[in-house]
Every structure is written in structure tokens, then in C-alpha cells.
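So this block is coords-v9.pdb, PDB, C-alpha atoms, pLDDT in the B column:
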ATOM      1  CA  MET A 594      -8.923  11.460   2.242  1.00 98.00           C
ATOM      2  CA  LYS A 595      -5.598   9.606   2.223  1.00 98.00           C
ATOM      3  CA  ILE A 596      -5.330   7.811  -1.123  1.00 98.00           C
ATOM      4  CA  LEU A 597      -2.545   5.478  -2.201  1.00 98.00           C
ATOM      5  CA  LEU A 598      -2.188   5.573  -5.996  1.00 98.00           C
ATOM      6  CA  THR A 599      -0.091   2.782  -7.492  1.00 98.00           C
ATOM      7  CA  ALA A 600       1.159   1.830 -10.951  1.00 98.00           C
ATOM      8  CA  PHE A 601       3.256  -0.937 -12.441  1.00 98.00           C
ATOM      9  CA  ASP A 602       6.673  -0.664 -14.039  1.00 97.00           C
ATOM     10  CA  PRO A 603       7.159  -1.699 -17.707  1.00 96.00           C
ATOM     11  CA  PHE A 604       6.824  -5.425 -18.423  1.00 93.00           C
ATOM     12  CA  GLY A 605       6.971  -7.912 -21.272  1.00 89.00           C
ATOM     13  CA  GLY A 606      10.019  -6.266 -22.814  1.00 87.00           C
ATOM     14  CA  ALA A 607       8.395  -2.824 -23.073  1.00 89.00           C
ATOM     15  CA  SER A 608      10.327   0.313 -22.160  1.00 91.00           C
ATOM     16  CA  VAL A 609       7.317   2.237 -20.876  1.00 96.00           C
ATOM     17  CA  ASN A 610       4.126   1.592 -18.948  1.00 97.00           C
ATOM     18  CA  PRO A 611       1.371   4.195 -19.405  1.00 98.00           C
ATOM     19  CA  ALA A 612       0.150   3.498 -15.893  1.00 98.00           C
ATOM     20  CA  TRP A 613       3.263   4.901 -14.227  1.00 98.00           C
ATOM     21  CA  GLU A 614       3.683   7.622 -16.835  1.00 98.00           C
ATOM     22  CA  ALA A 615       0.209   8.875 -15.896  1.00 98.00           C
ATOM     23  CA  VAL A 616       0.385   8.288 -12.143  1.00 98.00           C
ATOM     24  CA  SER A 617       3.730  10.064 -11.829  1.00 98.00           C
ATOM     25  CA  ARG A 618       2.213  13.183 -13.417  1.00 98.00           C
ATOM     26  CA  VAL A 619      -0.951  13.388 -11.289  1.00 98.00           C
ATOM     27  CA  ARG A 620      -1.165  16.620  -9.292  1.00 97.00           C
ATOM     28  CA  GLU A 621      -0.351  16.253  -5.622  1.00 94.00           C
ATOM     29  CA  ASP A 622      -2.389  19.284  -4.514  1.00 96.00           C
ATOM     30  CA  LEU A 623      -5.861  17.962  -5.333  1.00 97.00           C
ATOM     31  CA  PRO A 624      -8.425  19.434  -2.907  1.00 96.00           C
ATOM     32  CA  GLY A 625      -9.304  17.227   0.037  1.00 97.00           C
ATOM     33  CA  ILE A 626      -6.779  14.524  -0.877  1.00 98.00           C
ATOM     34  CA  ALA A 627      -3.524  13.484   0.743  1.00 98.00           C
ATOM     35  CA  LEU A 628      -1.903  11.553  -2.092  1.00 98.00           C
ATOM     36  CA  ARG A 629       0.902   9.024  -2.051  1.00 98.00           C
ATOM     37  CA  LYS A 630       2.221   7.428  -5.240  1.00 98.00           C
ATOM     38  CA  LEU A 631       3.879   4.038  -5.434  1.00 98.00           C
ATOM     39  CA  LEU A 632       5.700   2.306  -8.295  1.00 98.00           C
ATOM     40  CA  VAL A 633       4.990  -1.421  -8.110  1.00 98.00           C
ATOM     41  CA  PRO A 634       7.079  -4.191  -9.686  1.00 98.00           C
ATOM     42  CA  THR A 635       5.210  -6.329 -12.197  1.00 98.00           C
ATOM     43  CA  VAL A 636       5.941  -9.388 -10.105  1.00 98.00           C
ATOM     44  CA  PHE A 637       3.330 -11.746  -8.719  1.00 98.00           C
ATOM     45  CA  ALA A 638       5.225 -12.494  -5.505  1.00 97.00           C
ATOM     46  CA  GLU A 639       5.969  -8.869  -4.619  1.00 98.00           C
ATOM     47  CA  SER A 640       3.161  -6.604  -5.823  1.00 98.00           C
ATOM     48  CA  GLY A 641       0.401  -7.235  -3.297  1.00 98.00           C
ATOM     49  CA  ALA A 642       2.660  -7.403  -0.259  1.00 98.00           C
ATOM     50  CA  LEU A 643       4.293  -4.087  -1.161  1.00 98.00           C
ATOM     51  CA  VAL A 644       1.027  -2.249  -1.762  1.00 98.00           C
ATOM     52  CA  ASN A 645      -0.717  -3.610   1.341  1.00 98.00           C
ATOM     53  CA  ARG A 646       2.282  -2.936   3.562  1.00 98.00           C
ATOM     54  CA  THR A 647       2.519   0.636   2.271  1.00 98.00           C
ATOM     55  CA  ALA A 648      -1.213   1.216   2.687  1.00 98.00           C
ATOM     56  CA  ASN A 649      -1.189  -0.152   6.229  1.00 98.00           C
ATOM     57  CA  GLU A 650       1.891   1.745   7.373  1.00 98.00           C
ATOM     58  CA  TRP A 651       0.591   5.020   5.935  1.00 98.00           C
ATOM     59  CA  GLY A 652      -3.006   4.517   7.022  1.00 98.00           C
ATOM     60  CA  ALA A 653      -4.501   4.842   3.546  1.00 98.00           C
ATOM     61  CA  GLU A 654      -8.262   5.285   3.363  1.00 98.00           C
ATOM     62  CA  ALA A 655      -8.383   4.203  -0.289  1.00 98.00           C
ATOM     63  CA  VAL A 656      -6.082   2.285  -2.614  1.00 99.00           C
ATOM     64  CA  ILE A 657      -6.373   2.904  -6.341  1.00 98.00           C
ATOM     65  CA  CYS A 658      -4.167   0.681  -8.497  1.00 98.00           C
ATOM     66  CA  VAL A 659      -3.490   1.484 -12.146  1.00 98.00           C
ATOM     67  CA  GLY A 660      -2.288  -0.735 -14.966  1.00 98.00           C
ATOM     68  CA  GLN A 661      -2.001  -1.083 -18.728  1.00 97.00           C
ATOM     69  CA  ALA A 662      -4.615  -2.893 -20.802  1.00 96.00           C
ATOM     70  CA  GLY A 663      -3.258  -2.734 -24.316  1.00 94.00           C
ATOM     71  CA  GLY A 664      -6.000  -3.034 -26.919  1.00 94.00           C
ATOM     72  CA  ARG A 665      -8.692  -1.293 -24.885  1.00 97.00           C
ATOM     73  CA  TYR A 666     -10.109   1.991 -26.132  1.00 97.00           C
ATOM     74  CA  GLU A 667     -11.195   3.391 -22.788  1.00 98.00           C
ATOM     75  CA  VAL A 668     -10.250   3.972 -19.174  1.00 98.00           C
ATOM     76  CA  THR A 669     -11.789   0.921 -17.518  1.00 98.00           C
ATOM     77  CA  PRO A 670     -12.384   0.631 -13.770  1.00 98.00           C
ATOM     78  CA  GLU A 671     -12.417  -3.034 -12.802  1.00 98.00           C
ATOM     79  CA  ARG A 672     -15.459  -4.491 -11.054  1.00 98.00           C
ATOM     80  CA  VAL A 673     -13.975  -7.743  -9.722  1.00 98.00           C
ATOM     81  CA  ALA A 674     -10.776  -9.671  -8.986  1.00 98.00           C
ATOM     82  CA  ILE A 675     -10.728 -13.476  -9.185  1.00 98.00           C
ATOM     83  CA  ASN A 676      -8.625 -15.935  -7.207  1.00 98.00           C
ATOM     84  CA  ILE A 677      -6.419 -17.229 -10.023  1.00 98.00           C
ATOM     85  CA  ASP A 678      -3.039 -16.501 -11.575  1.00 98.00           C
ATOM     86  CA  ASP A 679      -2.728 -17.665 -15.187  1.00 98.00           C
ATOM     87  CA  ALA A 680      -0.011 -15.843 -17.111  1.00 97.00           C
ATOM     88  CA  SER A 681       0.472 -15.894 -20.870  1.00 95.00           C
ATOM     89  CA  VAL A 682       3.895 -14.253 -20.413  1.00 95.00           C
ATOM     90  CA  PRO A 683       6.326 -14.324 -17.471  1.00 97.00           C
ATOM     91  CA  ASP A 684       6.333 -11.498 -14.960  1.00 97.00           C
ATOM     92  CA  ASN A 685       9.451  -9.384 -14.444  1.00 97.00           C
ATOM     93  CA  ALA A 686      10.926 -12.044 -12.143  1.00 97.00           C
ATOM     94  CA  GLY A 687      10.391 -14.811 -14.684  1.00 97.00           C
ATOM     95  CA  ASP A 688       7.402 -16.335 -12.899  1.00 98.00           C
ATOM     96  CA  GLN A 689       4.674 -17.667 -15.204  1.00 98.00           C
ATOM     97  CA  PRO A 690       1.977 -19.355 -13.121  1.00 98.00           C
ATOM     98  CA  LEU A 691      -0.674 -21.490 -14.788  1.00 98.00           C
ATOM     99  CA  ASP A 692      -4.041 -21.938 -13.060  1.00 98.00           C
ATOM    100  CA  ARG A 693      -2.538 -21.176  -9.642  1.00 98.00           C
ATOM    101  CA  PRO A 694      -4.768 -19.840  -6.855  1.00 98.00           C
ATOM    102  CA  ILE A 695      -3.688 -16.502  -5.458  1.00 98.00           C
ATOM    103  CA  THR A 696      -4.843 -17.556  -1.987  1.00 98.00           C
ATOM    104  CA  PRO A 697      -5.409 -21.321  -1.676  1.00 98.00           C
ATOM    105  CA  GLY A 698      -8.784 -21.772  -0.032  1.00 98.00           C
ATOM    106  CA  GLY A 699      -9.504 -18.055  -0.319  1.00 98.00           C
ATOM    107  CA  ALA A 700     -12.650 -16.399  -1.591  1.00 98.00           C
ATOM    108  CA  PRO A 701     -13.296 -17.098  -5.289  1.00 98.00           C
ATOM    109  CA  ALA A 702     -13.519 -13.363  -5.967  1.00 98.00           C
ATOM    110  CA  TYR A 703     -13.737  -9.916  -4.408  1.00 98.00           C
ATOM    111  CA  PHE A 704     -15.638  -6.932  -5.726  1.00 98.00           C
ATOM    112  CA  ALA A 705     -13.931  -3.544  -5.930  1.00 98.00           C
ATOM    113  CA  THR A 706     -15.246  -0.951  -3.497  1.00 98.00           C
ATOM    114  CA  LEU A 707     -14.430   2.204  -5.432  1.00 98.00           C
ATOM    115  CA  PRO A 708     -17.399   4.227  -6.762  1.00 98.00           C
ATOM    116  CA  ASN A 709     -16.745   2.749 -10.202  1.00 98.00           C
ATOM    117  CA  LYS A 710     -19.984   3.744 -11.907  1.00 98.00           C
ATOM    118  CA  ALA A 711     -19.655   7.310 -10.651  1.00 98.00           C
ATOM    119  CA  ILE A 712     -16.077   7.389 -11.948  1.00 98.00           C
ATOM    120  CA  VAL A 713     -17.190   6.198 -15.395  1.00 98.00           C
ATOM    121  CA  ALA A 714     -19.971   8.797 -15.478  1.00 98.00           C
ATOM    122  CA  ALA A 715     -17.604  11.604 -14.461  1.00 98.00           C
ATOM    123  CA  LEU A 716     -15.021  10.587 -17.064  1.00 98.00           C
ATOM    124  CA  ARG A 717     -17.602  10.471 -19.835  1.00 98.00           C
ATOM    125  CA  LYS A 718     -18.936  13.862 -18.774  1.00 98.00           C
ATOM    126  CA  ALA A 719     -15.374  15.191 -19.092  1.00 98.00           C
ATOM    127  CA  GLY A 720     -15.110  13.758 -22.617  1.00 98.00           C
ATOM    128  CA  ILE A 721     -12.840  10.848 -21.700  1.00 98.00           C
ATOM    129  CA  PRO A 722     -13.902   7.416 -23.021  1.00 98.00           C
ATOM    130  CA  SER A 723     -14.637   5.075 -20.127  1.00 98.00           C
ATOM    131  CA  SER A 724     -16.626   1.964 -19.287  1.00 98.00           C
ATOM    132  CA  LEU A 725     -16.854  -0.539 -16.474  1.00 98.00           C
ATOM    133  CA  SER A 726     -14.853  -3.747 -16.973  1.00 98.00           C
ATOM    134  CA  ASP A 727     -15.886  -7.143 -15.628  1.00 98.00           C
ATOM    135  CA  SER A 728     -12.471  -8.762 -16.048  1.00 97.00           C
ATOM    136  CA  ALA A 729      -9.071  -7.625 -14.835  1.00 98.00           C
ATOM    137  CA  GLY A 730      -7.526 -10.611 -16.586  1.00 97.00           C
ATOM    138  CA  THR A 731      -5.397 -13.223 -14.818  1.00 98.00           C
ATOM    139  CA  TYR A 732      -2.006 -11.491 -14.868  1.00 98.00           C
ATOM    140  CA  VAL A 733      -0.366  -9.343 -12.183  1.00 98.00           C
ATOM    141  CA  CYS A 734      -3.068  -6.652 -12.415  1.00 98.00           C
ATOM    142  CA  ASN A 735      -5.756  -9.067 -11.250  1.00 98.00           C
ATOM    143  CA  HIS A 736      -3.362 -10.571  -8.705  1.00 98.00           C
ATOM    144  CA  LEU A 737      -2.687  -7.194  -7.122  1.00 98.00           C
ATOM    145  CA  LEU A 738      -6.351  -6.194  -7.096  1.00 98.00           C
ATOM    146  CA  TYR A 739      -7.310  -9.486  -5.452  1.00 98.00           C
ATOM    147  CA  GLN A 740      -4.708  -9.103  -2.713  1.00 98.00           C
ATOM    148  CA  VAL A 741      -5.650  -5.469  -2.049  1.00 98.00           C
ATOM    149  CA  LEU A 742      -9.349  -6.316  -1.807  1.00 98.00           C
ATOM    150  CA  GLU A 743      -8.648  -9.386   0.317  1.00 98.00           C
ATOM    151  CA  GLU A 744      -6.585  -7.318   2.757  1.00 98.00           C
ATOM    152  CA  ASN A 745      -9.323  -4.713   2.935  1.00 98.00           C
ATOM    153  CA  ALA A 746     -12.101  -7.266   3.415  1.00 98.00           C
ATOM    154  CA  LEU A 747     -10.304  -9.193   6.143  1.00 98.00           C
ATOM    155  CA  ARG A 748      -8.531  -6.398   8.052  1.00 98.00           C
ATOM    156  CA  HIS A 749      -9.622  -2.953   6.840  1.00 98.00           C
ATOM    157  CA  PRO A 750     -13.284  -3.103   5.775  1.00 97.00           C
ATOM    158  CA  GLU A 751     -13.540   0.680   5.866  1.00 98.00           C
ATOM    159  CA  ARG A 752     -10.799   1.107   3.242  1.00 98.00           C
ATOM    160  CA  LEU A 753     -11.815   1.542  -0.389  1.00 98.00           C
ATOM    161  CA  GLY A 754      -9.986  -0.384  -3.065  1.00 98.00           C
ATOM    162  CA  GLY A 755     -10.016  -0.807  -6.814  1.00 98.00           C
ATOM    163  CA  PHE A 756      -8.166  -0.810 -10.113  1.00 98.00           C
ATOM    164  CA  LEU A 757      -8.208   1.293 -13.282  1.00 98.00           C
ATOM    165  CA  HIS A 758      -6.836   0.026 -16.591  1.00 98.00           C
ATOM    166  CA  LEU A 759      -5.444   2.481 -19.139  1.00 98.00           C
ATOM    167  CA  PRO A 760      -4.970   2.020 -22.916  1.00 98.00           C
ATOM    168  CA  PHE A 761      -1.643   2.171 -24.712  1.00 97.00           C
ATOM    169  CA  LEU A 762       0.087   5.504 -25.227  1.00 97.00           C
ATOM    170  CA  PRO A 763       0.234   6.728 -28.854  1.00 96.00           C
ATOM    171  CA  ALA A 764       3.983   6.040 -29.008  1.00 94.00           C
ATOM    172  CA  GLN A 765       3.323   2.393 -28.163  1.00 95.00           C
ATOM    173  CA  VAL A 766       1.116   1.810 -31.210  1.00 95.00           C
ATOM    174  CA  VAL A 767       3.127   3.508 -33.954  1.00 93.00           C
ATOM    175  CA  ASN A 768       3.836   0.115 -35.519  1.00 90.00           C
ATOM    176  CA  ARG A 769       0.589  -1.577 -34.423  1.00 90.00           C
ATOM    177  CA  SER A 770      -2.024  -1.096 -37.104  1.00 87.00           C
ATOM    178  CA  ARG A 771      -5.523  -0.267 -35.827  1.00 90.00           C
ATOM    179  CA  THR A 772      -4.534  -0.571 -32.166  1.00 95.00           C
ATOM    180  CA  PRO A 773      -6.222   2.010 -29.921  1.00 96.00           C
ATOM    181  CA  SER A 774      -4.339   4.458 -27.720  1.00 97.00           C
ATOM    182  CA  MET A 775      -4.981   7.477 -25.523  1.00 98.00           C
ATOM    183  CA  ALA A 776      -3.034  10.699 -25.020  1.00 98.00           C
ATOM    184  CA  LEU A 777      -1.055  10.885 -21.791  1.00 98.00           C
ATOM    185  CA  GLY A 778      -2.732  14.154 -20.807  1.00 98.00           C
ATOM    186  CA  ASP A 779      -6.160  12.519 -20.987  1.00 98.00           C
ATOM    187  CA  MET A 780      -4.955   9.631 -18.832  1.00 98.00           C
ATOM    188  CA  VAL A 781      -3.634  12.023 -16.184  1.00 98.00           C
ATOM    189  CA  ARG A 782      -6.893  13.961 -16.233  1.00 98.00           C
ATOM    190  CA  ALA A 783      -8.835  10.699 -15.924  1.00 98.00           C
ATOM    191  CA  LEU A 784      -6.897   9.699 -12.829  1.00 98.00           C
ATOM    192  CA  GLU A 785      -7.375  13.102 -11.231  1.00 98.00           C
ATOM    193  CA  ILE A 786     -11.115  12.847 -11.851  1.00 98.00           C
ATOM    194  CA  ALA A 787     -11.200   9.323 -10.398  1.00 98.00           C
ATOM    195  CA  LEU A 788      -9.380  10.567  -7.311  1.00 98.00           C
ATOM    196  CA  ALA A 789     -11.837  13.437  -6.877  1.00 98.00           C
ATOM    197  CA  VAL A 790     -14.860  11.156  -7.245  1.00 98.00           C
ATOM    198  CA  THR A 791     -13.398   8.663  -4.758  1.00 98.00           C
ATOM    199  CA  SER A 792     -12.604  11.342  -2.182  1.00 98.00           C
ATOM    200  CA  ALA A 793     -16.203  12.548  -2.315  1.00 96.00           C
ATOM    201  CA  VAL A 794     -17.598   9.178  -1.133  1.00 90.00           C
TER     202      VAL A 794
END

Representation of the structure as C-alpha cells:
Amino acid sequence: MKILLTAFDPFGGASVNPAWEAVSRVREDLPGIALRKLLVPTVFAESGALVNRTANEWGAEAVICVGQAGGRYEVTPERVAINIDDASVPDNAGDQPLDRPITPGGAPAYFATLPNKAIVAALRKAGIPSSLSDSAGTYVCNHLLYQVLEENALRHPERLGGFLHLPFLPAQVVNRSRTPSMALGDMVRALEIALAVTSAV
């Protein structure tokens, strides 16, 4: 299976994003998978177009996007993307939309088509905390997931698509009392498991 695996660059003044740190370290020789990795700017106006263009040009059979969800304890596959941008902080281009539709007149929401429950079960079996999430937020993560799922639904219904959120890295919470984190090695292993489960669909 040809899988496009994407991750965002650092945002909000941070110097690191665990999503790209993990994605960049995922093995590229996983059995049965042709893998392509893509670093995506944390920019509303650019993220979806870049990912969809890359997926279409390469002929991806699945698109798995990865992002940071600081404050979460687990690896959380997202169930749904909603048609709204509402940013509490500007993106990396300075855009801070408030209650703006992603696609005016578009579907209110799209459901991810990855085998999310199977991914959660496989991660837990491997000893990695994981649970299904019902909200990808309203920042660029949700925006990207919505545009990927919209593209798939309208033009590539056979293509799988979804999003996994990762916790902070330990180094990101040194000065954040009682804020959860996860070791980078566990994040990489989680992504490799998610890829294997997806390729088996």
C-alpha cells in the first residue's frame, strides 16, 4: 500500500513539533508499505492543498496526517473533521480565523476512513496508551483533516484518510508541572503500528 505520512512543522513559538520528530524517524522499509513522508507548514491556506496535491501526484492509497495535541496523555486517532476554522493563536503565516468555514457550503463534517478502532486496539496491545478522539479541534490539524477527507470523498473515494494526534515530548514539559508527555521512541513505534494496521485493510 502507498501511504503518505505527513506532519506539521513547529508552531506557536515552539522550536520542535513531536509530530515531525516522530514521522521523520519512522522506518521506510515496513513490509507491504511504500511510504512517503511530507513536512507540512502549520498554515491554514497551504496545508490541505499541499497534502492533497502530493497525494494525487503520487497516487497515494492512504493519507495519514500527524499533529501535536499538547495536554493529551495518549496517541489519539481522530474520528471526525468539522467544517470550521477557529484559531486561538495565529498560524505560522499570521492567519487567525474566527468561525470561518473551511469550505463555504461544504459538508458540515467528514468522518475519517482509517481503521481507527483497530489502530487503538493494536497500540494498547503493544503497551502504548491510545484512545479514539471525537474532536480534532478547530486549528490547522482539523483544517487539514477536513480538506483531506473532502478530497477523498469527492474525488478519491477509495483512498483512506485520517489523523493521529501525539502528546508533547518530555523535553517540552520540563517547565510545565503535571503536563503529560510521551517518549519519542514510543511515538515512532505507535506510527509504525498504525501504518501496519492501515496497510492490512

task: Find the residue from A:Gly663, A:Leu597, A:Arg629, A:Ile675 that sits nearest to Arg769 of chain A; use all atoms listed in the file when measuring.
output: A:Gly663

Neighbouring residues of segment 709-711 of chain A were defined as those with any atom within 10 Å, considering only C-alpha atoms; residues of the same chain fewer than 6 positions away were excluded. Please report them as a PDB file with C-alpha atoms, in the frame of the given file.
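The resulting around.pdb:
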ATOM      1  CA  THR A 669     -11.789   0.921 -17.518  1.00 98.00           C
ATOM      2  CA  PRO A 670     -12.384   0.631 -13.770  1.00 98.00           C
ATOM      3  CA  GLU A 671     -12.417  -3.034 -12.802  1.00 98.00           C
ATOM      4  CA  ARG A 672     -15.459  -4.491 -11.054  1.00 98.00           C
ATOM      5  CA  ARG A 717     -17.602  10.471 -19.835  1.00 98.00           C
ATOM      6  CA  SER A 723     -14.637   5.075 -20.127  1.00 98.00           C
ATOM      7  CA  SER A 724     -16.626   1.964 -19.287  1.00 98.00           C
ATOM      8  CA  LEU A 725     -16.854  -0.539 -16.474  1.00 98.00           C
ATOM      9  CA  SER A 726     -14.853  -3.747 -16.973  1.00 98.00           C
ATOM     10  CA  GLY A 755     -10.016  -0.807  -6.814  1.00 98.00           C
ATOM     11  CA  PHE A 756      -8.166  -0.810 -10.113  1.00 98.00           C
ATOM     12  CA  LEU A 757      -8.208   1.293 -13.282  1.00 98.00           C
ATOM     13  CA  ALA A 787     -11.200   9.323 -10.398  1.00 98.00           C
ATOM     14  CA  VAL A 790     -14.860  11.156  -7.245  1.00 98.00           C
ATOM     15  CA  THR A 791     -13.398   8.663  -4.758  1.00 98.00           C
ATOM     16  CA  VAL A 794     -17.598   9.178  -1.133  1.00 90.00           C
TER      17      VAL A 794
END

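The smallest atom-to-atom distance between Cys734 of chain A and any of A:Ser617, A:Ser608, A:Ser640, A:Thr772, using all atoms listed in the file, is found for A:Ser640.
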
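Picked by the PyMOL selection byres ((chain A and resi 673) around 7) from the coordinates shown: Glu671, Arg672, Ala674, Ile675, Ala702, Tyr703, Phe704, Ala705, Asp727 and Ser728 of chain A.
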
field: Distance in Å - atom CA of Gly606 of chain A versus atom CA of Asp684 of chain A
entry: 10.1 Å

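Of the residues under consideration (A:Glu751, A:Asp678, A:Asp779, A:Asp692), A:Asp678 shows the shortest atom-to-atom contact distance to Gly730 of chain A when counting only C-alpha atoms.
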
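Distance check against Gly605 of chain A using only C-alpha atoms: of A:Val733, A:Ala638, A:Cys658, A:Val633, the minimum falls on A:Val733.
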
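Distances from A:Thr696, A:Ser770, A:Asn735, A:Asn649 to Lys595 of chain A were compared using all atoms listed in the file, and the smallest one belongs to A:Asn649.
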
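Excluding Gln765 of chain A itself and same-chain residues fewer than 2 positions from it, the residues having an atom within 9 Å of it are Ala607, Val609, Phe761, Leu762, Pro763, Val767, Asn768, Arg769 and Ser774 of chain A, counting only C-alpha atoms.
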
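Between atom CA of Val668 of chain A and atom CA of Met775 of chain A the separation is 9.0 Å.
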
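Picture a line from atom CA of Pro611 of chain A to atom CA of Pro760 of chain A; it runs 7.6 Å.
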
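Nearest to Ile596 of chain A of all the residues A:Glu744, A:Glu667, A:Glu654, A:Asp688 is A:Glu654, counting all atoms listed in the file.
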